[in-house]
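Reviewing the structure listed below.
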Amino acid sequence: MADFDTIYEERDDDDDPGEVDTLTVSVPDPIIIRGAGNVTIFGLSNKFDTEFPVRLSAKVAPEEFKSTMSRFNSVLRKNLPINVKWLFCGCICCCCTLGCSLWPVVCLNKRTRHSLEKVLDWENSHLYQKLGLHWRLKKQRCESSSMMEYVLVLEFIPKVPIFRPD
């Protein structure tokens with residue numbers, strides 16, 4: 001009966017820093033798709049491979065992936081020949097204009113990247129975010145040299161653990 005009036009300090013086990021959270025969500029590494037074309041202007045290849053990655057099986061239909069890549073490649077096929085012509089003209093006149101003749105190519109390349117990002121945003125919002133995936137265009141260093149190139153990155157969106165208490 002003597003312990004009836006005694007107040008004990010309650011210890012909270014959740015504040016233990018040594019405890020590891022067992023509900024962490026593991027996300028697979030992103031899928032990187034490199035340019036497969038034979039012409040590269042300012043890091044942007046003229047074509048990307050349409051071969052279906054094995055890691056996407058049971059996540060996306062091969063037809064959907066192929067249609068996404070064909071939309072992406074059609075934007076490249078439409079814009080890059082114009083960029084090549086302007087680059088050629090800019091290189092010819094570069095000495096006379098002190099490099100200012102290359103500005104149209106830089107602006108056209110930026111416009112092409114913006115068009116590609118719009119295509120990827122449309123694809124993400126209409127299909128891939130519902131499947132837990134996210135496309136983006138990323139600039140990264142080439143494996144063989146110190147130059148930079150644009151690659152397509154397909155990231156896996158982590159699923160929110162709905163059974164985890166607040």
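Following the order of the structure tokens, first chain is A, next is B, and so on, with residues numbered from 1 inside each chain and ligands from 1 in the order they appear.
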Quick one: which region 44-141 of chain A residues come within 8 Å of region 157-162 of chain A, and what is the nearest atom pair for each with the distance in Å to one decimal, counting only C-alpha atoms, rows ordered by chain and ascending number, as a tab-separated table?
residue	atom	partner	partner_atom	distance
A:Gln129	CA	A:Ile157	CA	7.9
A:Gly132	CA	A:Ile157	CA	5.0
A:Leu133	CA	A:Ile157	CA	5.4
A:His134	CA	A:Ile157	CA	6.8
Dump C-alpha atoms for the selected residues as a compact mmCIF listing (two decimals), in the first residue's frame?
# COMPACT_ATOMS: atom_id res chain seq x y z
CA GLN A 129 2.79 9.59 -61.46
CA GLY A 132 4.68 5.73 -58.91
CA LEU A 133 7.25 6.85 -61.50
CA HIS A 134 8.69 10.24 -62.51
Rows by chain and residue number, region 67-93 of chain A within 7 Å of region 105-127 of chain A, shortest pair, only C-alpha atoms, as a Markdown table:
| residue | atom | partner | partner_atom | distance |
| --- | --- | --- | --- | --- |
| A:Phe72 | CA | A:Leu116 | CA | 6.5 |
| A:Val75 | CA | A:Leu116 | CA | 6.8 |
| A:Asn79 | CA | A:Thr112 | CA | 6.4 |
| A:Asn83 | CA | A:Val105 | CA | 5.8 |
| A:Trp86 | CA | A:Val105 | CA | 5.8 |
| A:Leu87 | CA | A:Val105 | CA | 5.7 |
What are the nearest atom pairs, with distances in Å to one decimal, for all residues of region 91-152 of chain A that come at most 9 Å from region 29-48 of chain A, using only C-alpha atoms, set out by chain and rising residue number as CSV?
residue,atom,partner,partner_atom,distance
A:Val106,CA,A:Phe42,CA,8.1
A:Asn109,CA,A:Phe42,CA,7.4
A:Arg113,CA,A:Leu44,CA,8.2
A:Lys139,CA,A:Gly43,CA,8.0
A:Met147,CA,A:Gly43,CA,7.9
A:Met148,CA,A:Gly43,CA,5.9
A:Glu149,CA,A:Gly43,CA,4.0
A:Tyr150,CA,A:Leu44,CA,5.4
A:Val151,CA,A:Arg34,CA,5.0
A:Leu152,CA,A:Ile33,CA,5.0
Just N, CA, C and O atoms for this one: save the residues we selected as an mmCIF file, in the first residue's frame.
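File written: selection24.cif
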data_model
loop_
_atom_site.group_PDB
_atom_site.id
_atom_site.type_symbol
_atom_site.label_atom_id
_atom_site.label_comp_id
_atom_site.auth_asym_id
_atom_site.auth_seq_id
_atom_site.Cartn_x
_atom_site.Cartn_y
_atom_site.Cartn_z
ATOM 1 N N VAL A 106 22.402 28.529 -79.040
ATOM 2 C CA VAL A 106 22.202 28.376 -77.597
ATOM 3 C C VAL A 106 20.728 28.570 -77.254
ATOM 4 O O VAL A 106 20.145 27.795 -76.477
ATOM 5 N N ASN A 109 18.695 25.615 -78.527
ATOM 6 C CA ASN A 109 18.923 24.439 -77.687
ATOM 7 C C ASN A 109 18.126 24.553 -76.390
ATOM 8 O O ASN A 109 17.549 23.561 -75.917
ATOM 9 N N ARG A 113 15.188 21.968 -75.110
ATOM 10 C CA ARG A 113 15.138 21.376 -73.763
ATOM 11 C C ARG A 113 13.814 21.687 -73.078
ATOM 12 O O ARG A 113 13.233 20.829 -72.409
ATOM 13 N N LYS A 139 21.229 16.627 -66.496
ATOM 14 C CA LYS A 139 22.551 16.831 -67.065
ATOM 15 C C LYS A 139 23.559 16.099 -66.176
ATOM 16 O O LYS A 139 23.571 16.297 -64.964
ATOM 17 N N MET A 147 33.070 15.699 -70.546
ATOM 18 C CA MET A 147 31.980 16.493 -71.100
ATOM 19 C C MET A 147 30.668 16.145 -70.413
ATOM 20 O O MET A 147 30.533 15.094 -69.810
ATOM 21 N N MET A 148 29.685 17.058 -70.527
ATOM 22 C CA MET A 148 28.373 16.850 -69.930
ATOM 23 C C MET A 148 27.383 16.427 -71.016
ATOM 24 O O MET A 148 27.507 16.839 -72.168
ATOM 25 N N GLU A 149 26.410 15.604 -70.629
ATOM 26 C CA GLU A 149 25.366 15.175 -71.555
ATOM 27 C C GLU A 149 24.033 15.152 -70.820
ATOM 28 O O GLU A 149 23.972 15.083 -69.596
ATOM 29 N N TYR A 150 22.968 15.229 -71.586
ATOM 30 C CA TYR A 150 21.629 15.118 -71.014
ATOM 31 C C TYR A 150 21.170 13.674 -71.122
ATOM 32 O O TYR A 150 21.299 13.045 -72.171
ATOM 33 N N VAL A 151 20.626 13.163 -70.028
ATOM 34 C CA VAL A 151 20.096 11.803 -69.981
ATOM 35 C C VAL A 151 18.673 11.854 -69.450
ATOM 36 O O VAL A 151 18.280 12.798 -68.773
ATOM 37 N N LEU A 152 17.914 10.835 -69.777
ATOM 38 C CA LEU A 152 16.576 10.689 -69.217
ATOM 39 C C LEU A 152 16.671 9.848 -67.956
ATOM 40 O O LEU A 152 17.285 8.782 -67.964
#
DSSP strand (DSSP E or B) residues within region 83-148 of chain A, listed as a list in words: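 Those residues are Leu133, His134, Trp135, Arg136, Leu137, Lys138, Lys139, Gln140, Arg141 and Met148 of chain A.
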Create the file for the chosen residues now, containing N, CA and C atoms and written as a PDB file, in the first residue's frame.
ATOM      1  N   LEU A 133       6.019   6.579 -60.761  1.00  0.00           N
ATOM      2  CA  LEU A 133       7.253   6.854 -61.499  1.00  0.00           C
ATOM      3  C   LEU A 133       7.301   8.337 -61.864  1.00  0.00           C
ATOM      4  N   HIS A 134       8.514   8.828 -62.139  1.00  0.00           N
ATOM      5  CA  HIS A 134       8.690  10.236 -62.508  1.00  0.00           C
ATOM      6  C   HIS A 134       9.836  10.374 -63.497  1.00  0.00           C
ATOM      7  N   TRP A 135       9.545  10.943 -64.679  1.00  0.00           N
ATOM      8  CA  TRP A 135      10.554  11.216 -65.701  1.00  0.00           C
ATOM      9  C   TRP A 135      11.149  12.587 -65.469  1.00  0.00           C
ATOM     10  N   ARG A 136      12.432  12.729 -65.782  1.00  0.00           N
ATOM     11  CA  ARG A 136      13.046  14.055 -65.824  1.00  0.00           C
ATOM     12  C   ARG A 136      14.293  14.014 -66.700  1.00  0.00           C
ATOM     13  N   LEU A 137      14.639  15.175 -67.205  1.00  0.00           N
ATOM     14  CA  LEU A 137      15.823  15.343 -68.035  1.00  0.00           C
ATOM     15  C   LEU A 137      16.927  15.869 -67.130  1.00  0.00           C
ATOM     16  N   LYS A 138      18.060  15.187 -67.113  1.00  0.00           N
ATOM     17  CA  LYS A 138      19.125  15.533 -66.179  1.00  0.00           C
ATOM     18  C   LYS A 138      20.446  15.667 -66.917  1.00  0.00           C
ATOM     19  N   LYS A 139      21.229  16.627 -66.496  1.00  0.00           N
ATOM     20  CA  LYS A 139      22.551  16.831 -67.065  1.00  0.00           C
ATOM     21  C   LYS A 139      23.559  16.099 -66.176  1.00  0.00           C
ATOM     22  N   GLN A 140      24.376  15.251 -66.786  1.00  0.00           N
ATOM     23  CA  GLN A 140      25.386  14.543 -66.008  1.00  0.00           C
ATOM     24  C   GLN A 140      26.649  14.362 -66.839  1.00  0.00           C
ATOM     25  N   ARG A 141      27.726  14.047 -66.169  1.00  0.00           N
ATOM     26  CA  ARG A 141      29.024  13.887 -66.819  1.00  0.00           C
ATOM     27  C   ARG A 141      29.071  12.575 -67.596  1.00  0.00           C
ATOM     28  N   MET A 148      29.685  17.058 -70.527  1.00  0.00           N
ATOM     29  CA  MET A 148      28.373  16.850 -69.930  1.00  0.00           C
ATOM     30  C   MET A 148      27.383  16.427 -71.016  1.00  0.00           C
TER      31      MET A 148
END
Residues flagged helix (DSSP H, G or I) by DSSP in region 47-105 of chain A, as a VMD selection string: chain A and resid 54 to 56 62 to 92 94 to 97 100 to 105
Distance criterion (only C-alpha atoms): nearest to Gly90 (chain A) out of A:Ala61, A:Leu154, A:Val54, A:Leu102: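 Closest to Gly90 (chain A) of all the choices is A:Leu102.
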Given only C-alpha atoms as the counted atoms, nearest of A:Val84, A:Cys94, A:Leu131, A:Cys142 to Val60 (chain A): A:Leu131
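Straight-line separation from CA of Asn73 (chain A) to CA of Asp49 (chain A): 8.9 Å.
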